[in-house]
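What's in upload.cif: mmCIF, C-alpha atoms
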```cif
data_data
loop_
_atom_site.label_atom_id
_atom_site.label_comp_id
_atom_site.auth_asym_id
_atom_site.auth_seq_id
_atom_site.Cartn_x
_atom_site.Cartn_y
_atom_site.Cartn_z
CA MET A 161 5.85 -40.52 -19.40
CA ILE A 162 8.11 -42.48 -17.03
CA LEU A 163 11.45 -41.18 -18.31
CA PRO A 164 10.70 -37.45 -17.78
CA TRP A 165 9.29 -38.24 -14.33
CA ALA A 166 12.45 -40.20 -13.41
CA ILE A 167 14.66 -37.33 -14.62
CA ALA A 168 12.55 -34.86 -12.61
CA LEU A 169 12.86 -36.99 -9.48
CA ILE A 170 16.65 -37.26 -9.80
CA LEU A 171 16.96 -33.52 -10.46
CA LEU A 172 14.70 -32.74 -7.51
CA VAL A 173 16.62 -34.93 -5.05
CA VAL A 174 20.06 -33.76 -6.18
CA SER A 175 19.26 -30.02 -6.37
CA PHE A 176 17.33 -29.85 -3.10
CA GLY A 177 19.91 -31.98 -1.31
CA LEU A 178 22.75 -29.70 -2.43
CA PHE A 179 20.74 -26.62 -1.47
CA VAL A 180 20.01 -27.88 2.06
CA HIS A 181 23.64 -28.95 2.48
CA GLN A 182 25.01 -25.55 1.40
CA PHE A 183 22.31 -23.31 2.89
CA GLY A 184 24.11 -22.84 6.21
CA ASP A 185 27.26 -21.55 4.50
CA MET A 186 25.24 -19.28 2.22
CA TYR A 187 23.28 -17.91 5.18
CA ASP A 188 26.47 -17.17 7.14
CA PHE A 189 27.96 -15.45 4.09
CA LEU A 190 24.90 -13.20 3.74
CA LEU A 191 25.04 -12.32 7.44
CA ARG A 192 28.70 -11.32 7.09
CA LEU A 193 27.81 -9.35 3.98
CA VAL A 194 25.22 -7.22 5.82
CA GLY A 195 27.13 -7.08 9.11
CA LEU A 196 24.78 -9.25 11.20
CA GLU A 197 27.14 -12.16 11.82
CA ALA A 198 27.80 -11.28 15.46
CA ILE A 199 25.72 -9.03 17.73
CA PRO A 200 27.96 -7.19 20.26
CA GLU A 201 27.17 -7.10 23.95
CA ALA A 202 24.66 -4.39 24.85
CA LYS A 203 25.56 -1.55 27.18
CA GLY A 204 22.40 0.18 28.30
CA PHE A 205 18.67 0.00 27.67
CA TRP A 206 18.65 1.47 24.15
CA GLU A 207 21.47 -0.77 22.96
CA GLU A 208 19.67 -3.79 24.39
CA ALA A 209 16.51 -2.79 22.53
CA ALA A 210 18.44 -2.23 19.29
CA PHE A 211 20.41 -5.48 19.52
CA GLY A 212 17.25 -7.34 20.47
CA GLY A 213 15.67 -6.09 17.27
CA LEU A 214 18.72 -7.28 15.31
CA TRP A 215 18.48 -10.71 16.94
CA LEU A 216 14.79 -10.95 15.99
CA LEU A 217 15.65 -9.87 12.44
CA LYS A 218 18.19 -12.70 12.18
CA GLN A 219 15.60 -15.24 13.34
CA LEU A 220 13.05 -14.05 10.75
CA LEU A 221 15.61 -13.70 7.99
CA LYS A 222 16.69 -17.35 7.99
CA PRO A 223 13.31 -18.98 7.12
CA PHE A 224 12.56 -16.16 4.65
CA LEU A 225 15.84 -16.71 2.80
CA PHE A 226 15.29 -20.47 2.87
CA LEU A 227 11.84 -20.12 1.32
CA LEU A 228 13.14 -17.63 -1.26
CA GLY A 229 15.97 -20.01 -2.12
CA VAL A 230 13.59 -22.95 -2.54
CA ILE A 231 11.38 -20.92 -4.91
CA GLY A 232 14.39 -19.77 -6.93
CA LEU A 233 15.82 -23.29 -7.03
CA SER A 234 12.46 -24.63 -8.19
CA ILE A 235 12.36 -22.22 -11.14
CA ILE A 236 16.00 -22.86 -12.14
CA SER A 237 15.56 -26.65 -11.87
CA PHE A 238 12.42 -26.46 -13.98
CA LEU A 239 14.21 -24.51 -16.73
CA ILE A 240 16.98 -27.12 -16.83
CA TYR A 241 14.34 -29.85 -16.85
CA LEU A 242 12.58 -28.29 -19.84
CA ILE A 243 15.77 -28.27 -21.89
CA VAL A 244 16.69 -31.86 -21.04
CA CYS A 245 13.19 -33.32 -21.50
CA GLU A 246 12.06 -31.26 -24.51
CA PRO A 247 12.24 -34.24 -26.95
CA PHE A 248 10.23 -36.48 -24.60
CA PHE A 249 7.45 -33.90 -24.31
CA ASP A 250 7.34 -33.52 -28.09
CA VAL A 251 6.72 -37.26 -28.40
CA ILE A 252 4.04 -37.18 -25.65
CA ALA A 253 2.22 -34.29 -27.35
CA GLU A 254 2.40 -36.01 -30.74
CA LYS A 255 0.95 -39.27 -29.46
CA THR A 256 -1.73 -37.43 -27.47
CA THR A 257 -2.78 -35.55 -30.64
CA LEU A 258 -2.99 -38.76 -32.66
CA LEU A 259 -5.06 -40.50 -29.98
CA PHE A 260 -7.34 -37.44 -29.75
CA LYS A 261 -7.97 -37.70 -33.50
CA GLY A 262 -8.65 -41.43 -33.24
CA GLU A 263 -5.48 -42.41 -35.06
CA ALA A 264 -3.06 -45.08 -33.90
CA PRO A 265 0.22 -43.53 -32.75
CA PRO A 266 3.31 -44.69 -34.66
CA PRO A 267 5.84 -46.84 -32.78
CA PHE A 268 8.61 -45.00 -30.98
CA GLN A 269 11.76 -44.76 -33.10
CA TRP A 270 15.08 -43.85 -31.55
CA GLY A 271 16.42 -42.63 -34.90
CA ARG A 272 13.65 -40.06 -35.24
CA PHE A 273 14.03 -39.15 -31.58
CA PHE A 274 17.74 -38.29 -31.89
CA LYS A 275 17.17 -36.53 -35.21
CA SER A 276 14.79 -34.06 -33.55
CA PHE A 277 16.83 -33.76 -30.36
CA ARG A 278 19.10 -30.95 -31.53
CA LEU A 279 16.27 -28.84 -32.96
CA SER A 280 14.15 -29.37 -29.87
CA VAL A 281 16.93 -28.32 -27.52
CA MET A 282 17.66 -25.18 -29.59
CA ALA A 283 13.97 -24.23 -29.43
CA ALA A 284 13.98 -24.76 -25.67
CA LEU A 285 17.05 -22.54 -25.28
CA GLN A 286 15.31 -19.74 -27.21
CA LYS A 287 12.27 -19.99 -24.95
CA VAL A 288 14.38 -20.00 -21.80
CA ALA A 289 16.30 -16.93 -23.02
CA LEU A 290 13.05 -15.04 -23.62
CA PHE A 291 11.53 -16.08 -20.32
CA VAL A 292 14.64 -15.00 -18.40
CA VAL A 293 15.00 -11.62 -20.15
CA VAL A 294 11.48 -10.41 -19.29
CA PRO A 295 11.89 -10.82 -15.48
CA LEU A 296 15.24 -9.03 -15.77
CA LEU A 297 13.48 -6.12 -17.47
CA LEU A 298 10.79 -6.15 -14.78
CA TRP A 299 13.55 -5.82 -12.19
CA VAL A 300 13.58 -2.07 -12.93
CA LEU A 301 10.31 -1.86 -10.95
CA ASN A 302 12.34 -2.31 -7.76
CA PHE A 303 13.48 1.31 -8.11
CA ILE A 304 9.90 2.54 -7.57
CA PRO A 305 9.61 3.73 -3.95
CA PHE A 306 7.33 1.99 -1.42
CA PHE A 307 5.51 -0.58 -3.57
CA GLY A 308 8.05 -1.28 -6.33
CA ASN A 309 9.37 -4.49 -4.75
CA VAL A 310 5.89 -5.92 -4.23
CA LEU A 311 4.88 -5.01 -7.78
CA TYR A 312 8.02 -6.68 -9.16
CA VAL A 313 7.42 -9.93 -7.25
CA CYS A 314 3.72 -10.11 -8.22
CA LEU A 315 4.27 -9.37 -11.93
CA THR A 316 7.23 -11.76 -12.13
CA PHE A 317 5.22 -14.57 -10.55
CA LEU A 318 2.28 -13.94 -12.91
CA PHE A 319 4.63 -13.95 -15.88
CA GLU A 320 6.28 -17.21 -14.79
CA MET A 321 2.83 -18.79 -14.34
CA TRP A 322 1.92 -17.70 -17.86
CA VAL A 323 5.23 -19.12 -19.08
CA LEU A 324 4.44 -22.51 -17.55
CA GLY A 325 0.98 -22.57 -19.15
CA PHE A 326 2.43 -21.42 -22.48
CA THR A 327 5.10 -24.11 -22.36
CA ILE A 328 2.48 -26.80 -21.81
CA VAL A 329 0.46 -25.90 -24.92
CA GLU A 330 3.46 -25.06 -27.08
CA TYR A 331 4.24 -28.71 -27.76
CA PRO A 332 1.10 -29.35 -29.84
CA MET A 333 1.68 -26.00 -31.55
CA SER A 334 5.14 -27.14 -32.59
CA GLN A 335 3.54 -30.25 -34.12
CA LYS A 336 1.48 -27.93 -36.34
CA MET A 337 4.66 -26.09 -37.43
CA LEU A 338 3.50 -22.74 -36.07
CA THR A 339 6.10 -20.00 -35.94
CA PHE A 340 7.19 -18.70 -32.54
CA ASN A 341 5.38 -15.42 -33.24
CA GLN A 342 2.12 -17.30 -33.93
CA ARG A 343 2.58 -19.21 -30.69
CA LEU A 344 3.03 -15.97 -28.76
CA GLN A 345 -0.11 -14.52 -30.36
CA PHE A 346 -2.04 -17.59 -29.19
CA GLY A 347 -0.56 -17.15 -25.71
CA ARG A 348 -1.70 -13.52 -25.55
CA ARG A 349 -5.24 -14.39 -26.69
CA HIS A 350 -5.63 -17.06 -24.01
CA LYS A 351 -3.48 -15.49 -21.29
CA TYR A 352 -5.96 -16.08 -18.47
CA ILE A 353 -6.38 -19.78 -19.25
CA LEU A 354 -2.61 -20.13 -19.49
CA LEU A 355 -2.31 -18.48 -16.07
CA GLY A 356 -4.66 -21.14 -14.73
CA LEU A 357 -2.61 -23.91 -16.32
CA GLY A 358 0.47 -22.41 -14.68
CA THR A 359 -0.84 -22.41 -11.11
CA PRO A 360 1.33 -25.45 -10.12
CA LEU A 361 4.23 -22.97 -10.14
CA LEU A 362 2.89 -21.69 -6.80
CA ILE A 363 3.96 -25.02 -5.26
CA PRO A 364 7.76 -25.43 -5.21
CA PHE A 365 8.97 -28.28 -7.45
CA ALA A 366 5.41 -29.26 -8.45
CA PRO A 367 5.99 -28.48 -12.17
CA LEU A 368 8.94 -30.89 -12.16
CA LEU A 369 6.75 -33.81 -11.10
CA LEU A 370 3.58 -32.82 -12.98
CA GLN A 371 4.93 -31.57 -16.31
CA ALA A 372 4.44 -34.79 -18.31
CA PRO A 373 0.71 -35.25 -17.47
CA MET A 374 0.25 -31.48 -17.81
CA VAL A 375 1.54 -31.74 -21.40
CA VAL A 376 -1.18 -34.34 -22.09
CA GLY A 377 -3.88 -32.09 -20.60
CA GLY A 378 -2.60 -28.99 -22.39
CA THR A 379 -2.47 -30.85 -25.71
CA LEU A 380 -6.06 -32.07 -25.32
CA TRP A 381 -7.24 -28.55 -24.45
CA TYR A 382 -5.41 -27.07 -27.45
CA GLU A 383 -6.80 -29.69 -29.83
CA GLU A 384 -10.34 -29.03 -28.60
CA LEU A 385 -9.87 -25.38 -29.59
CA ASP A 386 -8.81 -26.62 -33.04
CA HIS A 387 -6.50 -23.67 -33.64
CA GLY A 388 -4.26 -23.29 -36.62
CA PRO A 389 -2.54 -20.52 -38.57
CA GLY A 390 -5.02 -17.77 -39.37
CA THR A 391 -7.93 -19.22 -37.40
CA ARG A 392 -10.06 -17.08 -35.08
CA ASP A 393 -11.39 -17.74 -31.57
#
```

Take the structure in the file and write it out as structure tokens.
Amino acid sequence: MILPWAIALILLVVSFGLFVHQFGDMYDFLLRLVGLEAIPEAKGFWEEAAFGGLWLLKQLLKPFLFLLGVIGLSIISFLIYLIVCEPFFDVIAEKTTLLFKGEAPPPFQWGRFFKSFRLSVMAALQKVALFVVVPLLLWVLNFIPFFGNVLYVCLTFLFEMWVLGFTIVEYPMSQKMLTFNQRLQFGRRHKYILLGLGTPLLIPFAPLLLQAPMVVGGTLWYEELDHGPGTRD
């Protein structure tokens, strides 16, 4: 539990520190890209009104871009965190399952840990690939006039919340040797509960710091359902 939290804390400090340090340069680059870097001197009432509107736009754009960057950085950092800490979460889910069943957990073995490391990382990469492709496909919604952008943001956020909830309960499912297709079927059946488990995504960087205890809670919830291949709700 301590090692994933320490990795999350280091990743949080480093990524957020770099983002804050580089945000000014990125903001200036975006202003140059859209032609708002310098507002010329106004000559007349209408130009003053227009340039005043541009000045106000610049003031509103900066905090909006900062917030958008923090949200994006939070999601990217979390995906990296999942790949790095996948083996630790497997061990946490396994021990939680054994304690739930009233069995003594086996002692931690580094040999077994490194043996499963490669397979765990490959599985995490497959999940990350899937969970990146779907938002890219949803990006097409931006071409819908008027409400396309809002629809894209809402659906993408809901999907990422479901992803977080699915990731939490996938660790005990991997202990039961379920195929990825069986795991997805479980995720579709319990999509609303998984959305609830994924609500920490609404708070930037919260999943980084809460993922380890969330794995324990998700494992206990999954074991209480007592699901397995071919079982029904």

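Among the candidates A:Phe317, A:Tyr187, A:Trp381, A:Phe274, the one nearest to Phe291 (chain A) when counting only C-alpha atoms is A:Phe317.
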
Using only C-alpha atoms, determine which residues lie at most 7 Å from region 358-364 of chain A, disregarding the query and same-chain residues fewer than 5 positions distant; provide the list as a list in words.
-> Val230, Ile231, Ser234, Met321, Trp322, Leu324 and Gly325 of chain A

Which is closer to Val174 (chain A) than all the others in A:Leu233, A:Val292, A:Leu301, A:Leu344, using all atoms listed in the file?
->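 Nearest to Val174 (chain A): A:Leu233.
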
Quick one: apply the PyMOL selection byres ((chain A and resi 373) around 12) to the file and drop the selected residues here as a ChimeraX atom specification.
-> /A:161-162,164-165,248-249,252-253,256,328-329,357,366-372,374-380

Hey, can you check how far CA of Pro332 (chain A) sits from CA of Cys314 (chain A)?
->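 We find that CA of Pro332 (chain A) and CA of Cys314 (chain A) lie 29.1 Å from each other.
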
Please evaluate the PyMOL selection byres ((chain A and resi 335) around 9) against the structure above and give the resulting residues as a ChimeraX atom specification.
-> /A:250,253-254,257,330-334,336-338

Quick one: of A:Leu242, A:Leu227, A:Ala168, A:Ile235, who's nearest to Gln286 (chain A), counting only C-alpha atoms?
->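 Ranking A:Leu242, A:Leu227, A:Ala168, A:Ile235 by distance to Gln286 (chain A), first place goes to A:Leu242.
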
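The two atoms in question, CA of Leu290 (chain A) and CA of Leu171 (chain A), are spaced 23.0 Å apart.
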
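In this comparison, which uses only C-alpha atoms, the residue of A:Leu385, A:Val323, A:Ile304, A:Val180 approaching Gly356 (chain A) most closely is A:Val323.
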
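CA of Glu384 (chain A) is positioned 12.7 Å from CA of Leu259 (chain A).
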
Evaluate the PyMOL selection byres ((chain A and resi 299) around 12) on the structure here and hand back the selected residues as a ChimeraX atom specification.
-> /A:292-298,300-304,308-316

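Of the residues listed (A:Leu193, A:Leu258, A:Phe326, A:Leu172), A:Phe326 shows the shortest atom-to-atom separation from Arg349 (chain A); distances use only C-alpha atoms.
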
Of the candidates A:Cys245, A:Lys261, A:Thr327, A:Phe183, which shows the shortest atom-to-atom distance to Pro223 (chain A), using all atoms listed in the file?
-> A:Phe183
